[in-house]
Amino acid sequence: MQVHSKDSVYLTQEITAYVATAEDTILAKMAWYRLGNEVSDQQWRDILGVLKMRRGRLDLDYLGHWAAELNVSDLLVDALADAGTGE
């Protein structure tokens, strides 16, 4: 999966690192979970962990759009419910 958005982290004046957003991490893990026949408990726990840690600070429109593009919309719905985010 290609990263669709990124956050900048300034390490020094000369060095900027780019990291995947929480949303892209969730989407990538959902895609891997689906490709692995949805049997990896670790992937699912990671997804739920990110959802819980970023509660209220996720771009749900972005998640919904890319979940549909990646054919993991059902996983997103299930994960949001399992994480109890209320989002």
# chains A, B, ... in the order shown; residues from 1 in each chain; ligands from 1
>>> closest_atom_pairs(of="segment 16-40 of chain A", to="segment 50-71 of chain A", cutoff="10 Å", atoms="only C-alpha atoms", output="tab-separated table")
residue	atom	partner	partner_atom	distance
A:Thr21	CA	A:Leu58	CA	9.4
A:Ala22	CA	A:Val50	CA	6.8
A:Glu23	CA	A:Leu63	CA	6.1
A:Asp24	CA	A:Leu63	CA	8.0
A:Thr25	CA	A:Val50	CA	8.1
A:Ile26	CA	A:Val50	CA	7.0
A:Leu27	CA	A:Ala67	CA	6.6
A:Ala28	CA	A:Leu70	CA	9.2
A:Met30	CA	A:Ala67	CA	8.4
A:Ala31	CA	A:Leu70	CA	6.9
A:Arg34	CA	A:Asn71	CA	9.0
>>> atom_distance(atom1="atom CA of Ala17 of chain A", atom2="atom CA of Lys29 of chain A")
21.4 Å
>>> select_by_dssp(residues="chain A", states="strand (DSSP E or B)", output="list in words")
Lys6, Asp7, Ser8, Val9, Tyr10, Thr16, Ala17, Tyr18, Val19 and Ala20 of chain A
>>> write_last_selection(atoms="N, CA and C atoms", output="PDB file, in the first residue's frame")
ATOM      1  N   LYS A   6       1.004  11.982   5.049  1.00  0.00           N
ATOM      2  CA  LYS A   6       2.127  11.812   5.954  1.00  0.00           C
ATOM      3  C   LYS A   6       2.219  13.001   6.882  1.00  0.00           C
ATOM      4  N   ASP A   7       2.841  12.768   8.012  1.00  0.00           N
ATOM      5  CA  ASP A   7       3.118  13.821   8.968  1.00  0.00           C
ATOM      6  C   ASP A   7       4.606  14.111   8.923  1.00  0.00           C
ATOM      7  N   SER A   8       4.979  15.343   9.190  1.00  0.00           N
ATOM      8  CA  SER A   8       6.384  15.727   9.252  1.00  0.00           C
ATOM      9  C   SER A   8       6.837  15.752  10.697  1.00  0.00           C
ATOM     10  N   VAL A   9       8.039  15.250  10.910  1.00  0.00           N
ATOM     11  CA  VAL A   9       8.667  15.329  12.219  1.00  0.00           C
ATOM     12  C   VAL A   9      10.018  15.987  12.002  1.00  0.00           C
ATOM     13  N   TYR A  10      10.232  17.137  12.609  1.00  0.00           N
ATOM     14  CA  TYR A  10      11.490  17.850  12.445  1.00  0.00           C
ATOM     15  C   TYR A  10      12.467  17.365  13.498  1.00  0.00           C
ATOM     16  N   THR A  16      14.321  16.470   8.304  1.00  0.00           N
ATOM     17  CA  THR A  16      12.887  16.274   8.506  1.00  0.00           C
ATOM     18  C   THR A  16      12.568  14.834   8.143  1.00  0.00           C
ATOM     19  N   ALA A  17      11.881  14.148   9.015  1.00  0.00           N
ATOM     20  CA  ALA A  17      11.455  12.773   8.738  1.00  0.00           C
ATOM     21  C   ALA A  17       9.964  12.793   8.426  1.00  0.00           C
ATOM     22  N   TYR A  18       9.566  11.933   7.518  1.00  0.00           N
ATOM     23  CA  TYR A  18       8.157  11.807   7.178  1.00  0.00           C
ATOM     24  C   TYR A  18       7.672  10.441   7.633  1.00  0.00           C
ATOM     25  N   VAL A  19       6.564  10.438   8.334  1.00  0.00           N
ATOM     26  CA  VAL A  19       6.018   9.190   8.873  1.00  0.00           C
ATOM     27  C   VAL A  19       4.566   9.043   8.436  1.00  0.00           C
ATOM     28  N   ALA A  20       4.140   7.805   8.322  1.00  0.00           N
ATOM     29  CA  ALA A  20       2.745   7.548   7.963  1.00  0.00           C
ATOM     30  C   ALA A  20       1.831   8.054   9.070  1.00  0.00           C
TER      31      ALA A  20
END
>>> select_by_dssp(residues="chain A", states="alpha helix (DSSP H)", output="PyMOL selection string")
chain A and resi 22-35+41-53+60-69+73-83
>>> write_last_selection(atoms="N, CA and C atoms", output="short mmCIF file (atom, residue, chain, number, x, y, z; two decimals), in the first residue's frame")
data_model
loop_
_atom_site.label_atom_id
_atom_site.label_comp_id
_atom_site.auth_asym_id
_atom_site.auth_seq_id
_atom_site.Cartn_x
_atom_site.Cartn_y
_atom_site.Cartn_z
N ALA A 22 -1.61 8.00 11.44
CA ALA A 22 -2.34 6.92 12.12
C ALA A 22 -3.37 6.31 11.18
N GLU A 23 -4.01 7.14 10.38
CA GLU A 23 -5.01 6.65 9.44
C GLU A 23 -4.40 5.67 8.43
N ASP A 24 -3.23 6.03 7.90
CA ASP A 24 -2.58 5.14 6.93
C ASP A 24 -2.08 3.86 7.58
N THR A 25 -1.65 3.95 8.82
CA THR A 25 -1.24 2.75 9.54
C THR A 25 -2.43 1.81 9.71
N ILE A 26 -3.57 2.35 10.10
CA ILE A 26 -4.78 1.55 10.25
C ILE A 26 -5.16 0.89 8.93
N LEU A 27 -5.16 1.67 7.86
CA LEU A 27 -5.54 1.14 6.55
C LEU A 27 -4.57 0.06 6.07
N ALA A 28 -3.28 0.27 6.27
CA ALA A 28 -2.29 -0.73 5.86
C ALA A 28 -2.48 -2.03 6.63
N LYS A 29 -2.72 -1.90 7.93
CA LYS A 29 -2.92 -3.10 8.75
C LYS A 29 -4.21 -3.82 8.37
N MET A 30 -5.24 -3.07 8.02
CA MET A 30 -6.48 -3.71 7.57
C MET A 30 -6.26 -4.45 6.26
N ALA A 31 -5.50 -3.86 5.36
CA ALA A 31 -5.22 -4.52 4.08
C ALA A 31 -4.43 -5.81 4.32
N TRP A 32 -3.43 -5.77 5.20
CA TRP A 32 -2.67 -6.98 5.52
C TRP A 32 -3.54 -8.02 6.21
N TYR A 33 -4.39 -7.55 7.10
CA TYR A 33 -5.30 -8.46 7.80
C TYR A 33 -6.19 -9.19 6.79
N ARG A 34 -6.72 -8.46 5.84
CA ARG A 34 -7.58 -9.05 4.81
C ARG A 34 -6.79 -10.02 3.95
N LEU A 35 -5.59 -9.62 3.53
CA LEU A 35 -4.76 -10.49 2.69
C LEU A 35 -4.36 -11.77 3.40
N ASP A 41 -4.37 -12.24 14.85
CA ASP A 41 -4.82 -11.50 16.04
C ASP A 41 -3.95 -10.28 16.29
N GLN A 42 -2.65 -10.39 15.97
CA GLN A 42 -1.74 -9.26 16.19
C GLN A 42 -2.12 -8.06 15.33
N GLN A 43 -2.43 -8.29 14.06
CA GLN A 43 -2.84 -7.18 13.19
C GLN A 43 -4.10 -6.52 13.74
N TRP A 44 -5.06 -7.33 14.14
CA TRP A 44 -6.33 -6.78 14.65
C TRP A 44 -6.10 -6.00 15.95
N ARG A 45 -5.27 -6.52 16.84
CA ARG A 45 -4.97 -5.80 18.08
C ARG A 45 -4.27 -4.48 17.78
N ASP A 46 -3.36 -4.50 16.81
CA ASP A 46 -2.68 -3.26 16.42
C ASP A 46 -3.68 -2.22 15.90
N ILE A 47 -4.60 -2.66 15.06
CA ILE A 47 -5.62 -1.76 14.53
C ILE A 47 -6.43 -1.15 15.66
N LEU A 48 -6.89 -1.98 16.57
CA LEU A 48 -7.70 -1.49 17.70
C LEU A 48 -6.89 -0.56 18.59
N GLY A 49 -5.62 -0.89 18.79
CA GLY A 49 -4.75 -0.05 19.62
C GLY A 49 -4.59 1.35 19.05
N VAL A 50 -4.37 1.45 17.74
CA VAL A 50 -4.24 2.76 17.12
C VAL A 50 -5.55 3.52 17.20
N LEU A 51 -6.66 2.85 16.95
CA LEU A 51 -7.97 3.50 17.05
C LEU A 51 -8.22 4.05 18.45
N LYS A 52 -7.86 3.28 19.46
CA LYS A 52 -8.08 3.72 20.84
C LYS A 52 -7.16 4.88 21.22
N MET A 53 -5.90 4.79 20.80
CA MET A 53 -4.94 5.84 21.14
C MET A 53 -5.26 7.16 20.45
N LEU A 60 -11.99 10.57 9.93
CA LEU A 60 -12.90 9.48 9.57
C LEU A 60 -13.32 9.53 8.11
N ASP A 61 -13.40 10.72 7.53
CA ASP A 61 -13.72 10.81 6.10
C ASP A 61 -12.61 10.17 5.27
N TYR A 62 -11.38 10.47 5.62
CA TYR A 62 -10.23 9.88 4.93
C TYR A 62 -10.22 8.37 5.10
N LEU A 63 -10.42 7.91 6.33
CA LEU A 63 -10.46 6.47 6.60
C LEU A 63 -11.56 5.80 5.78
N GLY A 64 -12.74 6.40 5.78
CA GLY A 64 -13.86 5.82 5.05
C GLY A 64 -13.60 5.75 3.55
N HIS A 65 -13.04 6.82 3.01
CA HIS A 65 -12.75 6.86 1.57
C HIS A 65 -11.76 5.76 1.18
N TRP A 66 -10.64 5.70 1.89
CA TRP A 66 -9.60 4.73 1.52
C TRP A 66 -9.97 3.31 1.91
N ALA A 67 -10.77 3.15 2.95
CA ALA A 67 -11.24 1.80 3.29
C ALA A 67 -12.08 1.26 2.14
N ALA A 68 -12.91 2.12 1.54
CA ALA A 68 -13.71 1.70 0.39
C ALA A 68 -12.81 1.37 -0.80
N GLU A 69 -11.81 2.20 -1.05
CA GLU A 69 -10.88 1.96 -2.16
C GLU A 69 -10.14 0.64 -1.99
N SER A 73 -13.93 -1.68 3.97
CA SER A 73 -14.92 -0.88 4.70
C SER A 73 -15.57 -1.67 5.83
N ASP A 74 -15.85 -2.94 5.57
CA ASP A 74 -16.46 -3.77 6.60
C ASP A 74 -15.53 -3.93 7.81
N LEU A 75 -14.24 -4.03 7.55
CA LEU A 75 -13.28 -4.13 8.65
C LEU A 75 -13.22 -2.83 9.45
N LEU A 76 -13.31 -1.71 8.76
CA LEU A 76 -13.30 -0.42 9.46
C LEU A 76 -14.50 -0.30 10.38
N VAL A 77 -15.67 -0.67 9.90
CA VAL A 77 -16.88 -0.62 10.72
C VAL A 77 -16.71 -1.52 11.95
N ASP A 78 -16.23 -2.74 11.73
CA ASP A 78 -16.04 -3.68 12.83
C ASP A 78 -15.00 -3.17 13.82
N ALA A 79 -13.90 -2.62 13.31
CA ALA A 79 -12.83 -2.15 14.18
C ALA A 79 -13.29 -0.96 15.03
N LEU A 80 -14.01 -0.03 14.42
CA LEU A 80 -14.52 1.11 15.20
C LEU A 80 -15.45 0.63 16.31
N ALA A 81 -16.27 -0.36 16.01
CA ALA A 81 -17.17 -0.91 17.03
C ALA A 81 -16.38 -1.64 18.11
N ASP A 82 -15.43 -2.48 17.70
CA ASP A 82 -14.63 -3.24 18.67
C ASP A 82 -13.78 -2.34 19.56
N ALA A 83 -13.30 -1.24 18.98
CA ALA A 83 -12.45 -0.32 19.74
C ALA A 83 -13.27 0.53 20.70
#
